[in-house]
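S.K.: Just entry39.txt, nothing more (compact mmCIF, C-alpha atoms):
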# COMPACT_ATOMS: atom_id res chain seq x y z
CA MET A 1 30.24 7.49 59.69
CA THR A 2 32.86 9.99 58.51
CA ASP A 3 33.45 11.30 62.02
CA THR A 4 34.64 7.88 63.20
CA LEU A 5 36.45 6.87 60.01
CA THR A 6 40.07 5.86 60.52
CA LEU A 7 41.99 6.62 57.36
CA PRO A 8 44.78 4.30 56.20
CA THR A 9 48.24 5.22 57.46
CA TRP A 10 50.65 6.69 54.94
CA GLU A 11 54.34 5.94 55.45
CA THR A 12 55.44 9.49 54.61
CA ASP A 13 54.09 12.99 54.07
CA GLY A 14 54.48 12.35 50.34
CA THR A 15 52.33 10.19 48.08
CA HIS A 16 54.92 7.80 46.69
CA ARG A 17 53.90 5.00 49.08
CA ILE A 18 50.16 4.34 48.70
CA PRO A 19 48.54 2.20 51.43
CA PHE A 20 46.49 -0.72 50.14
CA GLY A 21 43.72 0.40 52.49
CA VAL A 22 42.76 3.24 50.13
CA TYR A 23 41.43 0.55 47.77
CA THR A 24 39.76 -1.80 50.27
CA ASP A 25 37.91 0.15 52.98
CA GLU A 26 34.14 0.52 52.43
CA GLN A 27 33.70 3.46 54.81
CA LEU A 28 36.53 5.24 53.04
CA HIS A 29 34.76 4.54 49.76
CA GLN A 30 31.60 6.22 51.04
CA ARG A 31 33.57 9.33 51.98
CA GLU A 32 35.15 9.36 48.52
CA LEU A 33 31.73 9.26 46.88
CA GLN A 34 30.58 12.21 48.94
CA ARG A 35 33.69 14.34 48.51
CA PHE A 36 34.63 13.53 44.92
CA PHE A 37 31.37 12.65 43.16
CA TYR A 38 28.61 14.45 45.07
CA GLN A 39 30.20 17.77 46.01
CA GLY A 40 32.79 20.17 44.65
CA HIS A 41 33.41 18.31 41.38
CA TRP A 42 32.08 18.09 37.83
CA CYS A 43 31.33 14.58 36.54
CA TYR A 44 30.88 13.40 32.98
CA VAL A 45 27.39 12.28 31.91
CA GLY A 46 27.57 12.01 28.13
CA LEU A 47 27.69 13.66 24.73
CA GLU A 48 25.08 16.01 23.31
CA ALA A 49 25.05 13.72 20.26
CA GLU A 50 23.48 11.02 22.43
CA VAL A 51 20.36 13.15 22.90
CA PRO A 52 20.05 14.97 19.56
CA ASN A 53 16.27 15.49 19.55
CA ALA A 54 13.72 16.99 21.92
CA GLY A 55 12.53 14.26 24.29
CA ASP A 56 15.70 12.17 23.98
CA TYR A 57 17.27 10.92 27.20
CA LYS A 58 20.17 8.82 28.43
CA ARG A 59 20.36 7.10 31.82
CA THR A 60 23.79 7.04 33.41
CA SER A 61 25.39 7.49 36.85
CA ILE A 62 27.44 9.92 38.87
CA GLY A 63 29.24 7.95 41.52
CA GLU A 64 26.64 5.42 42.65
CA ARG A 65 23.65 7.70 42.02
CA SER A 66 21.55 7.12 38.90
CA VAL A 67 20.94 10.25 36.80
CA ILE A 68 19.24 11.03 33.50
CA MET A 69 20.49 13.41 30.82
CA THR A 70 17.58 14.86 28.81
CA ARG A 71 16.94 17.30 26.01
CA SER A 72 13.78 19.29 26.68
CA ALA A 73 11.40 20.78 24.09
CA ASP A 74 13.35 24.05 24.12
CA GLY A 75 16.51 22.19 23.08
CA GLU A 76 18.28 22.61 26.43
CA ILE A 77 20.24 19.83 28.13
CA HIS A 78 19.17 18.91 31.67
CA VAL A 79 20.39 16.32 34.16
CA VAL A 80 18.06 15.02 36.87
CA GLU A 81 18.45 12.35 39.52
CA ASN A 82 16.66 9.08 38.79
CA VAL A 83 14.88 9.04 42.15
CA CYS A 84 11.15 9.73 42.42
CA ALA A 85 10.42 12.55 44.87
CA HIS A 86 7.52 10.53 46.31
CA ARG A 87 8.86 7.20 47.54
CA GLY A 88 12.37 7.23 46.14
CA MET A 89 11.98 4.69 43.33
CA ARG A 90 14.46 4.60 40.46
CA PHE A 91 11.74 5.08 37.88
CA CYS A 92 13.78 5.05 34.64
CA ARG A 93 15.04 1.62 33.61
CA GLU A 94 15.92 2.07 29.92
CA ARG A 95 19.39 3.24 28.94
CA HIS A 96 18.15 5.47 26.13
CA GLY A 97 14.83 6.58 24.73
CA ASN A 98 12.51 9.42 23.85
CA LYS A 99 9.65 10.62 26.04
CA LYS A 100 7.43 13.65 26.51
CA ASP A 101 7.75 13.24 30.29
CA PHE A 102 8.72 10.75 32.99
CA VAL A 103 6.15 8.74 34.92
CA CYS A 104 7.09 6.73 38.00
CA PRO A 105 5.35 3.35 37.67
CA TYR A 106 4.87 2.95 41.42
CA HIS A 107 2.30 5.74 41.97
CA GLN A 108 2.26 7.48 38.57
CA TRP A 109 3.85 10.74 39.65
CA ASN A 110 4.63 12.64 36.47
CA TYR A 111 7.68 14.85 35.78
CA SER A 112 8.76 17.09 32.94
CA LEU A 113 12.05 16.44 31.19
CA LYS A 114 13.47 19.30 33.26
CA GLY A 115 12.49 17.45 36.45
CA ASP A 116 9.48 19.54 37.49
CA LEU A 117 6.55 17.69 39.09
CA GLN A 118 3.56 17.95 36.73
CA GLY A 119 0.99 15.54 38.05
CA VAL A 120 0.05 13.63 41.22
CA PRO A 121 -2.78 11.08 41.04
CA PHE A 122 -5.55 11.70 43.58
CA ARG A 123 -3.91 14.93 44.65
CA ARG A 124 -7.35 16.36 45.45
CA GLY A 125 -8.76 13.09 46.73
CA VAL A 126 -11.53 10.84 45.41
CA ARG A 127 -15.23 11.68 45.57
CA GLN A 128 -17.23 8.88 47.17
CA GLY A 129 -20.83 9.05 48.38
CA GLY A 130 -21.06 12.79 48.14
CA LYS A 131 -17.79 13.54 49.92
CA VAL A 132 -14.12 13.77 48.99
CA ASN A 133 -11.80 11.28 50.64
CA GLY A 134 -8.05 11.60 50.97
CA GLY A 135 -5.85 13.74 48.78
CA MET A 136 -2.73 15.72 49.48
CA PRO A 137 -2.81 18.34 52.24
CA ALA A 138 -3.75 21.89 51.30
CA ASP A 139 -0.17 23.10 51.68
CA PHE A 140 1.22 20.51 49.22
CA ASN A 141 3.15 22.47 46.58
CA PRO A 142 4.30 20.57 43.45
CA ALA A 143 7.17 23.03 43.07
CA ASP A 144 8.67 21.56 46.26
CA HIS A 145 8.59 17.97 45.00
CA GLY A 146 10.41 17.87 41.68
CA LEU A 147 13.31 15.63 40.82
CA THR A 148 16.75 16.69 42.01
CA GLN A 149 18.07 18.90 39.23
CA LEU A 150 21.85 19.01 38.79
CA LYS A 151 23.99 21.89 37.64
CA VAL A 152 24.98 21.32 34.00
CA ALA A 153 27.98 22.37 31.92
CA THR A 154 28.22 21.74 28.19
CA ARG A 155 31.33 22.48 26.17
CA GLY A 156 32.27 21.33 22.69
CA GLY A 157 29.54 18.67 22.64
CA ALA A 158 30.33 16.95 25.95
CA VAL A 159 28.09 17.24 29.03
CA PHE A 160 29.16 17.39 32.67
CA ALA A 161 26.95 17.76 35.74
CA SER A 162 27.30 18.35 39.47
CA PHE A 163 25.08 17.78 42.50
CA ASP A 164 26.82 20.82 44.00
CA ALA A 165 25.07 24.05 43.01
CA ASN A 166 28.09 26.03 44.22
CA VAL A 167 30.72 24.14 42.25
CA GLU A 168 33.25 26.33 40.43
CA SER A 169 32.83 26.91 36.71
CA PHE A 170 33.74 23.99 34.48
CA GLU A 171 36.53 26.01 32.90
CA ASP A 172 38.05 26.87 36.29
CA TYR A 173 37.63 23.25 37.34
CA LEU A 174 39.79 22.03 34.47
CA GLY A 175 42.28 24.89 34.63
CA PRO A 176 43.96 26.43 31.55
CA THR A 177 46.38 23.59 30.78
CA ILE A 178 43.88 20.72 30.77
CA LEU A 179 41.19 22.91 29.23
CA GLY A 180 43.54 23.35 26.27
CA TYR A 181 43.71 19.58 25.73
CA TYR A 182 39.97 19.27 26.28
CA ASP A 183 39.31 21.90 23.60
CA ARG A 184 41.77 20.18 21.27
CA LEU A 185 39.40 17.17 21.16
CA PHE A 186 36.06 18.92 21.63
CA ASN A 187 36.93 21.77 19.29
CA GLY A 188 33.43 22.80 18.22
CA ARG A 189 32.94 20.33 15.40
CA LYS A 190 29.61 18.55 15.72
CA LEU A 191 30.07 15.06 17.12
CA LYS A 192 28.76 11.81 15.61
CA LEU A 193 27.99 8.88 17.91
CA LEU A 194 29.56 5.61 16.74
CA GLY A 195 28.80 3.13 19.52
CA TYR A 196 29.45 1.80 23.01
CA ASN A 197 31.44 -0.78 24.90
CA ARG A 198 30.70 -1.61 28.53
CA GLN A 199 32.47 -3.74 31.07
CA ARG A 200 32.56 -4.33 34.80
CA ILE A 201 36.04 -4.42 36.29
CA PRO A 202 36.49 -5.98 39.76
CA GLY A 203 38.84 -3.31 41.08
CA ASN A 204 38.70 -0.01 42.93
CA TRP A 205 37.60 2.90 40.72
CA LYS A 206 40.79 4.89 41.38
CA LEU A 207 42.84 2.17 39.72
CA MET A 208 41.54 3.21 36.31
CA GLN A 209 42.39 6.84 36.97
CA GLU A 210 45.86 5.62 37.98
CA ASN A 211 46.15 3.40 34.92
CA ILE A 212 45.66 6.31 32.54
CA LYS A 213 47.99 8.52 34.60
CA ASP A 214 50.67 5.82 34.39
CA PRO A 215 53.01 6.09 31.38
CA TYR A 216 55.30 3.44 32.91
CA HIS A 217 53.20 0.42 31.91
CA PRO A 218 52.03 0.99 28.28
CA GLY A 219 55.39 0.19 26.70
CA LEU A 220 55.84 -2.82 29.00
CA LEU A 221 52.42 -4.43 29.41
CA HIS A 222 50.88 -3.73 26.02
CA THR A 223 52.52 -5.78 23.26
CA TRP A 224 50.62 -3.85 20.62
CA PHE A 225 51.77 -0.45 21.77
CA VAL A 226 55.45 -1.22 21.96
CA THR A 227 55.70 -3.40 18.85
CA PHE A 228 53.86 -1.05 16.52
CA GLY A 229 55.23 2.14 18.07
CA LEU A 230 51.84 3.56 19.11
CA TRP A 231 52.99 4.29 22.66
CA ARG A 232 56.56 3.64 23.64
CA ALA A 233 59.02 4.98 26.20
CA ASP A 234 61.24 6.38 23.44
CA ASN A 235 58.41 8.34 21.78
CA GLU A 236 58.39 12.10 21.95
CA SER A 237 56.13 12.80 24.91
CA ALA A 238 55.01 15.07 27.74
CA LEU A 239 52.96 14.87 30.95
CA LYS A 240 50.78 17.82 31.98
CA MET A 241 48.62 18.54 35.06
CA ASP A 242 46.23 21.14 36.41
CA ALA A 243 47.29 23.24 39.40
CA HIS A 244 45.60 20.82 41.85
CA HIS A 245 47.22 17.73 40.23
CA ARG A 246 43.80 16.04 39.96
CA HIS A 247 43.51 16.15 36.14
CA ALA A 248 46.27 15.17 33.72
CA ALA A 249 47.19 14.71 30.08
CA MET A 250 49.64 12.13 28.72
CA ILE A 251 50.83 13.24 25.29
CA SER A 252 52.75 11.04 22.87
CA THR A 253 53.86 11.13 19.23
CA ARG A 254 54.03 7.81 17.44
CA GLY A 255 57.39 6.21 16.69
CA GLN A 256 58.09 3.95 13.78
CA GLY A 257 57.78 0.58 15.52
CA GLY A 258 60.28 -2.22 15.10
CA LYS A 259 63.65 -2.29 16.81
CA ALA A 260 64.72 0.46 19.14
CA GLU A 261 67.35 0.37 21.84
CA GLN A 262 64.80 1.17 24.52
CA VAL A 263 62.55 -1.82 23.70
CA THR A 264 64.76 -4.72 22.62
CA ASN A 265 65.01 -5.94 26.23
CA VAL A 266 61.27 -5.57 26.95
CA SER A 267 59.58 -8.95 27.28
CA SER A 268 56.37 -7.75 25.62
CA PHE A 269 58.22 -6.55 22.51
CA LYS A 270 57.43 -8.85 19.56
CA GLU A 271 59.63 -7.87 16.63
CA SER A 272 58.09 -10.54 14.42
CA MET A 273 54.47 -9.64 15.16
CA GLN A 274 52.59 -8.91 11.93
CA LEU A 275 49.02 -7.85 11.19
CA HIS A 276 46.75 -10.03 9.09
CA ASP A 277 44.79 -6.87 8.34
CA ALA A 278 47.07 -3.87 7.86
CA ARG A 279 44.08 -1.53 7.96
CA PHE A 280 44.30 -1.48 11.77
CA LEU A 281 47.31 0.77 11.33
CA ASP A 282 45.89 2.76 8.43
CA ILE A 283 46.55 5.98 10.33
CA VAL A 284 45.72 9.30 8.71
CA PRO A 285 47.04 12.45 10.45
CA GLU A 286 44.29 14.95 11.21
CA PRO A 287 44.78 18.74 11.29
CA TRP A 288 43.35 19.11 14.80
CA TRP A 289 46.02 16.82 16.29
CA GLY A 290 48.57 19.60 16.21
CA GLY A 291 51.43 17.08 16.33
CA PRO A 292 50.72 14.40 18.97
CA THR A 293 49.28 11.13 17.73
CA ALA A 294 47.87 10.22 21.15
CA VAL A 295 46.56 12.28 24.06
CA MET A 296 45.00 10.58 27.07
CA THR A 297 43.30 13.12 29.35
CA THR A 298 42.07 12.11 32.81
CA ILE A 299 39.39 14.39 34.24
CA PHE A 300 39.08 13.49 37.90
CA PRO A 301 37.12 11.63 39.10
CA SER A 302 34.83 10.35 36.38
CA VAL A 303 36.17 10.22 32.84
CA ILE A 304 39.06 9.67 30.48
CA LEU A 305 39.16 11.41 27.12
CA GLN A 306 40.93 9.22 24.61
CA GLN A 307 42.58 10.10 21.36
CA GLN A 308 44.72 7.22 20.16
CA VAL A 309 45.60 7.92 16.53
CA ASN A 310 42.20 8.12 14.75
CA SER A 311 40.19 6.45 17.52
CA VAL A 312 38.41 8.93 19.82
CA SER A 313 36.20 8.10 22.77
CA THR A 314 35.20 8.90 26.31
CA ARG A 315 35.69 6.32 29.05
CA GLN A 316 33.33 6.88 31.99
CA ILE A 317 34.18 5.50 35.44
CA VAL A 318 31.12 4.49 37.50
CA PRO A 319 32.03 3.15 40.98
CA ASP A 320 30.10 0.15 42.31
CA GLY A 321 31.35 -0.44 45.83
CA HIS A 322 34.98 -0.13 46.88
CA GLY A 323 36.05 -3.17 44.88
CA ALA A 324 34.43 -2.75 41.47
CA PHE A 325 33.44 -0.20 38.86
CA ASN A 326 31.56 -0.12 35.60
CA PHE A 327 33.58 1.21 32.69
CA GLU A 328 31.59 2.68 29.81
CA TRP A 329 33.20 3.58 26.49
CA THR A 330 31.48 5.96 24.08
CA HIS A 331 33.14 5.96 20.67
CA PHE A 332 32.50 8.94 18.44
CA GLY A 333 33.66 10.80 15.40
CA PHE A 334 32.79 14.10 13.79
CA GLU A 335 29.84 14.90 11.58
CA ASP A 336 32.10 16.11 8.79
CA ASP A 337 34.08 12.82 8.69
CA ASN A 338 33.84 11.07 5.35
CA GLU A 339 32.84 7.41 5.17
CA GLU A 340 36.45 6.22 5.04
CA MET A 341 37.37 8.11 8.22
CA THR A 342 34.32 6.77 10.06
CA GLU A 343 35.30 3.21 9.12
CA ARG A 344 38.87 3.93 10.18
CA ARG A 345 37.73 5.18 13.60
CA LEU A 346 35.52 2.13 14.09
CA ARG A 347 38.28 -0.26 13.05
CA GLN A 348 40.86 1.33 15.34
CA ALA A 349 38.34 1.25 18.20
CA ASN A 350 38.97 -2.50 18.24
CA LEU A 351 42.31 -1.75 19.85
CA PHE A 352 40.37 -0.58 22.89
CA GLY A 353 37.23 -1.55 24.83
CA PRO A 354 36.73 -4.68 26.99
CA ALA A 355 38.17 -7.10 24.41
CA GLY A 356 40.49 -4.62 22.71
CA PHE A 357 43.91 -5.74 21.56
CA VAL A 358 45.35 -3.24 24.05
CA SER A 359 42.77 -2.48 26.73
CA ALA A 360 41.93 -6.05 27.69
CA ASP A 361 45.31 -6.08 29.47
CA ASP A 362 44.32 -3.18 31.75
CA GLY A 363 41.15 -4.79 33.07
CA GLU A 364 43.03 -7.96 33.92
CA VAL A 365 45.91 -6.32 35.80
CA ILE A 366 43.47 -4.12 37.75
CA GLU A 367 41.52 -7.21 38.82
CA PHE A 368 44.69 -9.00 39.95
CA SER A 369 45.86 -5.90 41.83
CA GLN A 370 42.58 -5.62 43.72
CA GLU A 371 42.79 -9.27 44.73
CA ALA A 372 46.21 -8.62 46.25
CA PHE A 373 45.07 -5.45 48.03
CA GLU A 374 42.19 -7.33 49.67
CA SER A 375 44.48 -10.16 50.83
CA LYS A 376 47.13 -7.85 52.31
CA PRO A 377 45.38 -4.64 53.45
CA GLY A 378 48.24 -3.43 55.67
CA HIS A 379 50.74 -3.23 52.82
CA ARG A 380 51.43 -0.39 50.38
CA ALA A 381 52.15 0.25 46.72
CA VAL A 382 55.25 2.10 45.50
CA ALA A 383 55.04 4.96 42.99
CA GLU A 384 58.63 6.23 42.96
CA LEU A 385 59.63 6.14 39.31
CA GLY A 386 61.02 9.58 38.62
CA GLY A 387 61.44 10.40 42.31
CA HIS A 388 59.13 11.40 45.15
CA GLY A 389 57.90 14.78 43.91
CA VAL A 390 55.10 16.00 41.68
CA GLY A 391 55.64 18.00 38.51
CA GLU A 392 55.18 18.07 34.74
CA THR A 393 57.75 16.29 32.57
CA ASP A 394 58.84 15.95 28.95
CA HIS A 395 59.22 12.17 29.18
CA MET A 396 57.25 9.07 30.19
CA VAL A 397 59.66 7.47 32.63
CA THR A 398 57.89 8.65 35.76
CA GLU A 399 54.90 8.08 38.04
CA THR A 400 54.50 11.77 38.83
CA LEU A 401 50.84 11.91 37.72
CA ILE A 402 49.86 9.18 40.19
CA ARG A 403 51.69 10.95 42.99
CA GLY A 404 49.93 14.17 42.02
CA MET A 405 46.48 12.57 42.10
CA TYR A 406 47.10 11.22 45.61
CA ARG A 407 48.42 14.59 46.73
CA TYR A 408 44.98 15.94 45.83
CA TRP A 409 43.25 12.88 47.33
CA ARG A 410 45.02 13.34 50.66
CA ASP A 411 44.06 17.00 50.81
CA VAL A 412 40.36 16.48 50.03
CA MET A 413 40.02 13.35 52.16
CA GLU A 414 41.83 15.10 55.03
CA ALA A 415 44.25 12.21 55.37
CA PRO A 416 46.70 12.73 58.25
CA GLN A 417 49.95 14.27 57.04
Output the structure of this file as structure tokens.

M.R.:
Amino acid sequence: MTDTLTLPTWETDGTHRIPFGVYTDEQLHQRELQRFFYQGHWCYVGLEAEVPNAGDYKRTSIGERSVIMTRSADGEIHVVENVCAHRGMRFCRERHGNKKDFVCPYHQWNYSLKGDLQGVPFRRGVRQGGKVNGGMPADFNPADHGLTQLKVATRGGAVFASFDANVESFEDYLGPTILGYYDRLFNGRKLKLLGYNRQRIPGNWKLMQENIKDPYHPGLLHTWFVTFGLWRADNESALKMDAHHRHAAMISTRGQGGKAEQVTNVSSFKESMQLHDARFLDIVPEPWWGGPTAVMTTIFPSVILQQQVNSVSTRQIVPDGHGAFNFEWTHFGFEDDNEEMTERRLRQANLFGPAGFVSADDGEVIEFSQEAFESKPGHRAVAELGGHGVGETDHMVTETLIRGMYRYWRDVMEAPQ
């Protein structure tokens, strides 16, 4: 399939003109899954706080492959593929639970929480009429038939996994700049799980990576952000990237809201907008912020780390075909939060998620974009705000992070230059 794949034509050697075909071609999507999700990359699977006790597990996905994060009796975190080694059944159906082991319902093959095969019914046959019938062949070795066990990296309470046993270390994968913003959020304090939101967005999975690498739209699309100063073009800000341009951090410090020269001509600005419940903006600075009130970190290809004032969460991207993805939000706090801070985090989480006062806008514009891509596959998008190049900035008026991501995409996908 990949040998005969014709990649979409780019207008230039740069990445400021993105062909619609990168969002609409199913064969291209299959190559992306292989090259970004199944080899050479670390993908997010969850938080250690989701499996606090021995026997706890969480079912999730890497790309379009179902995987299970477990905590074994020795307290270690493991990630195994949810595919029985016998006949390939996805044996785990529950999202969360606690088990001593996994049993495939089809033929009752039994696996440890680490993925080792422990039991095979009728392995030595069945005695009938004085003789033994059937059974596995003499050379059948259970050690050769365990679940696929992924390489696992845990840092600061978050868990990443890779199907690629030779993937670089997680720290090298992030690089020093993005690792610094990762450690700012996951700074060693024990995490406390607060809850989930889930939605299915009918758009290509890359569009959500783009959306959180795009500082152009928040102060234009999101009425909330611009009116209450949470994220605005005139805020103190910076854009950072790793050396490969695949990961990024958008950093912003909250303004005061209300009138500002940069927003008075923005159609989404609502000077008269008032809150019926002022507690939504009951923002308490936290020592670990170190200045910025919002940092949105995109770890390519699978997750966004969100800190928007006191709301903190992960946003996992799970592709489902070239034209849709499942988007899974995990809201959390810290074990040493007092009750008031926990309530504050939960209340501010209503700004985000599928029906959030802010994030509902993103799902809708991604859906409408995908519809246009499908109807006009030979066209291209323009990402030229701030020029044609790729580089870090100290302002938000640029699409450099999107151009950087597609620079990396073109290299890995071997798109013609």

S.K.: What lies within 7 Å of Lys151 in chain A using only C-alpha atoms, ignoring chain neighbours under 3 positions off, as a PyMOL selection string?

M.R.: chain A and resi 161-163+165

S.K.: Counting only C-alpha atoms, figure out which residue out of A:Gly356, A:Ile402, A:Pro121, A:Glu339 gets nearest to Gly134 in chain A.

M.R.: A:Pro121

S.K.: Show which residues sit within 7 Å of Phe373 in chain A, as a list in words. Count only C-alpha atoms, and ignore same-chain residues fewer than 3 positions away.

M.R.: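 Within the cut-off, the hits are Phe20, Thr24, Ser369, Gln370, Lys376 and Pro377 of chain A.
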
S.K.: Applying 8 Å and all atoms listed in the file, which residues near Gly55 in chain A remain after dropping the ones on its own chain fewer than 6 positions away? List them as a PDB file with C-alpha atoms, keeping the file's coordinate frame.

M.R.:
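Output contents, as saved in part-v6.pdb:
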ATOM      1  CA  THR A  70      17.580  14.860  28.810  1.00  0.00           C
ATOM      2  CA  ARG A  71      16.940  17.300  26.010  1.00  0.00           C
ATOM      3  CA  SER A  72      13.780  19.290  26.680  1.00  0.00           C
ATOM      4  CA  ALA A  73      11.400  20.780  24.090  1.00  0.00           C
ATOM      5  CA  ASN A  98      12.510   9.420  23.850  1.00  0.00           C
ATOM      6  CA  LYS A  99       9.650  10.620  26.040  1.00  0.00           C
ATOM      7  CA  LYS A 100       7.430  13.650  26.510  1.00  0.00           C
ATOM      8  CA  ASP A 101       7.750  13.240  30.290  1.00  0.00           C
ATOM      9  CA  LEU A 113      12.050  16.440  31.190  1.00  0.00           C
TER      10      LEU A 113
END

S.K.: List every protein, DNA or RNA residue that has an atom no more than 10 Å from (4.9, 8.4, 35.5) in the file's coordinate frame, counting all atoms listed in the file, and report them as a compact mmCIF listing (two decimals) with C-alpha atoms, keeping the file's coordinate frame.

M.R.:
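Saved as selection14.txt:
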# COMPACT_ATOMS: atom_id res chain seq x y z
CA CYS A 84 11.15 9.73 42.42
CA PHE A 91 11.74 5.08 37.88
CA CYS A 92 13.78 5.05 34.64
CA ASP A 101 7.75 13.24 30.29
CA PHE A 102 8.72 10.75 32.99
CA VAL A 103 6.15 8.74 34.92
CA CYS A 104 7.09 6.73 38.00
CA PRO A 105 5.35 3.35 37.67
CA TYR A 106 4.87 2.95 41.42
CA HIS A 107 2.30 5.74 41.97
CA GLN A 108 2.26 7.48 38.57
CA TRP A 109 3.85 10.74 39.65
CA ASN A 110 4.63 12.64 36.47
CA TYR A 111 7.68 14.85 35.78
CA SER A 112 8.76 17.09 32.94
CA GLN A 118 3.56 17.95 36.73
CA GLY A 119 0.99 15.54 38.05
CA VAL A 120 0.05 13.63 41.22
CA PRO A 121 -2.78 11.08 41.04

S.K.: Which residues come within 10 Å of range 172-177 of chain A, counting only C-alpha atoms, excluding same-chain residues fewer than 4 positions away, as JSON, numbers by chain?

M.R.: {"A": [40, 41, 42, 167, 168, 181, 182, 240, 241, 242, 243, 244, 246, 247, 248, 249, 299, 300]}

S.K.: To one decimal place in Å, what is the distance between CA of His322 in chain A and CA of Gln30 in chain A?

M.R.: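 That distance, rounded to one decimal, is 8.3 Å.
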
S.K.: When you count only C-alpha atoms, which of these residues is closest to Leu351 in chain A: A:Arg403, A:Lys58, A:Arg198, A:His222?

M.R.: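 That would be A:His222, the residue with the smallest distance to Leu351 in chain A.
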
S.K.: May I ask for the distance between CA of Cys43 in chain A and CA of Ala360 in chain A, given in Å to one decimal place?

M.R.: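 For CA of Cys43 in chain A relative to CA of Ala360 in chain A, the distance reads 24.8 Å.
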
S.K.: Mind completing range 298-309 of chain A with N, CA and C atoms? Output as a PDB file, keeping the file's coordinate frame, please?

M.R.:
ATOM      1  N   THR A 298      42.875  12.584  31.679  1.00  0.00           N
ATOM      2  CA  THR A 298      42.070  12.110  32.810  1.00  0.00           C
ATOM      3  C   THR A 298      41.450  13.317  33.488  1.00  0.00           C
ATOM      4  N   ILE A 299      40.118  13.364  33.501  1.00  0.00           N
ATOM      5  CA  ILE A 299      39.390  14.390  34.240  1.00  0.00           C
ATOM      6  C   ILE A 299      38.847  13.736  35.492  1.00  0.00           C
ATOM      7  N   PHE A 300      39.397  14.116  36.622  1.00  0.00           N
ATOM      8  CA  PHE A 300      39.080  13.490  37.900  1.00  0.00           C
ATOM      9  C   PHE A 300      37.701  13.944  38.364  1.00  0.00           C
ATOM     10  N   PRO A 301      36.837  13.040  38.861  1.00  0.00           N
ATOM     11  CA  PRO A 301      37.120  11.630  39.100  1.00  0.00           C
ATOM     12  C   PRO A 301      36.509  10.677  38.081  1.00  0.00           C
ATOM     13  N   SER A 302      35.826  11.188  37.039  1.00  0.00           N
ATOM     14  CA  SER A 302      34.830  10.350  36.380  1.00  0.00           C
ATOM     15  C   SER A 302      35.094   9.939  34.951  1.00  0.00           C
ATOM     16  N   VAL A 303      36.094  10.526  34.264  1.00  0.00           N
ATOM     17  CA  VAL A 303      36.170  10.220  32.840  1.00  0.00           C
ATOM     18  C   VAL A 303      37.591  10.341  32.312  1.00  0.00           C
ATOM     19  N   ILE A 304      37.828   9.598  31.257  1.00  0.00           N
ATOM     20  CA  ILE A 304      39.060   9.670  30.480  1.00  0.00           C
ATOM     21  C   ILE A 304      38.683  10.053  29.056  1.00  0.00           C
ATOM     22  N   LEU A 305      39.353  11.028  28.512  1.00  0.00           N
ATOM     23  CA  LEU A 305      39.160  11.410  27.120  1.00  0.00           C
ATOM     24  C   LEU A 305      40.293  10.794  26.317  1.00  0.00           C
ATOM     25  N   GLN A 306      39.923   9.963  25.361  1.00  0.00           N
ATOM     26  CA  GLN A 306      40.930   9.220  24.610  1.00  0.00           C
ATOM     27  C   GLN A 306      41.033   9.711  23.179  1.00  0.00           C
ATOM     28  N   GLN A 307      42.253  10.006  22.773  1.00  0.00           N
ATOM     29  CA  GLN A 307      42.580  10.100  21.360  1.00  0.00           C
ATOM     30  C   GLN A 307      43.821   9.263  21.137  1.00  0.00           C
ATOM     31  N   GLN A 308      43.618   8.098  20.542  1.00  0.00           N
ATOM     32  CA  GLN A 308      44.720   7.220  20.160  1.00  0.00           C
ATOM     33  C   GLN A 308      44.677   7.111  18.650  1.00  0.00           C
ATOM     34  N   VAL A 309      45.607   7.749  17.988  1.00  0.00           N
ATOM     35  CA  VAL A 309      45.600   7.920  16.530  1.00  0.00           C
ATOM     36  C   VAL A 309      44.189   8.342  16.111  1.00  0.00           C
TER      37      VAL A 309
END
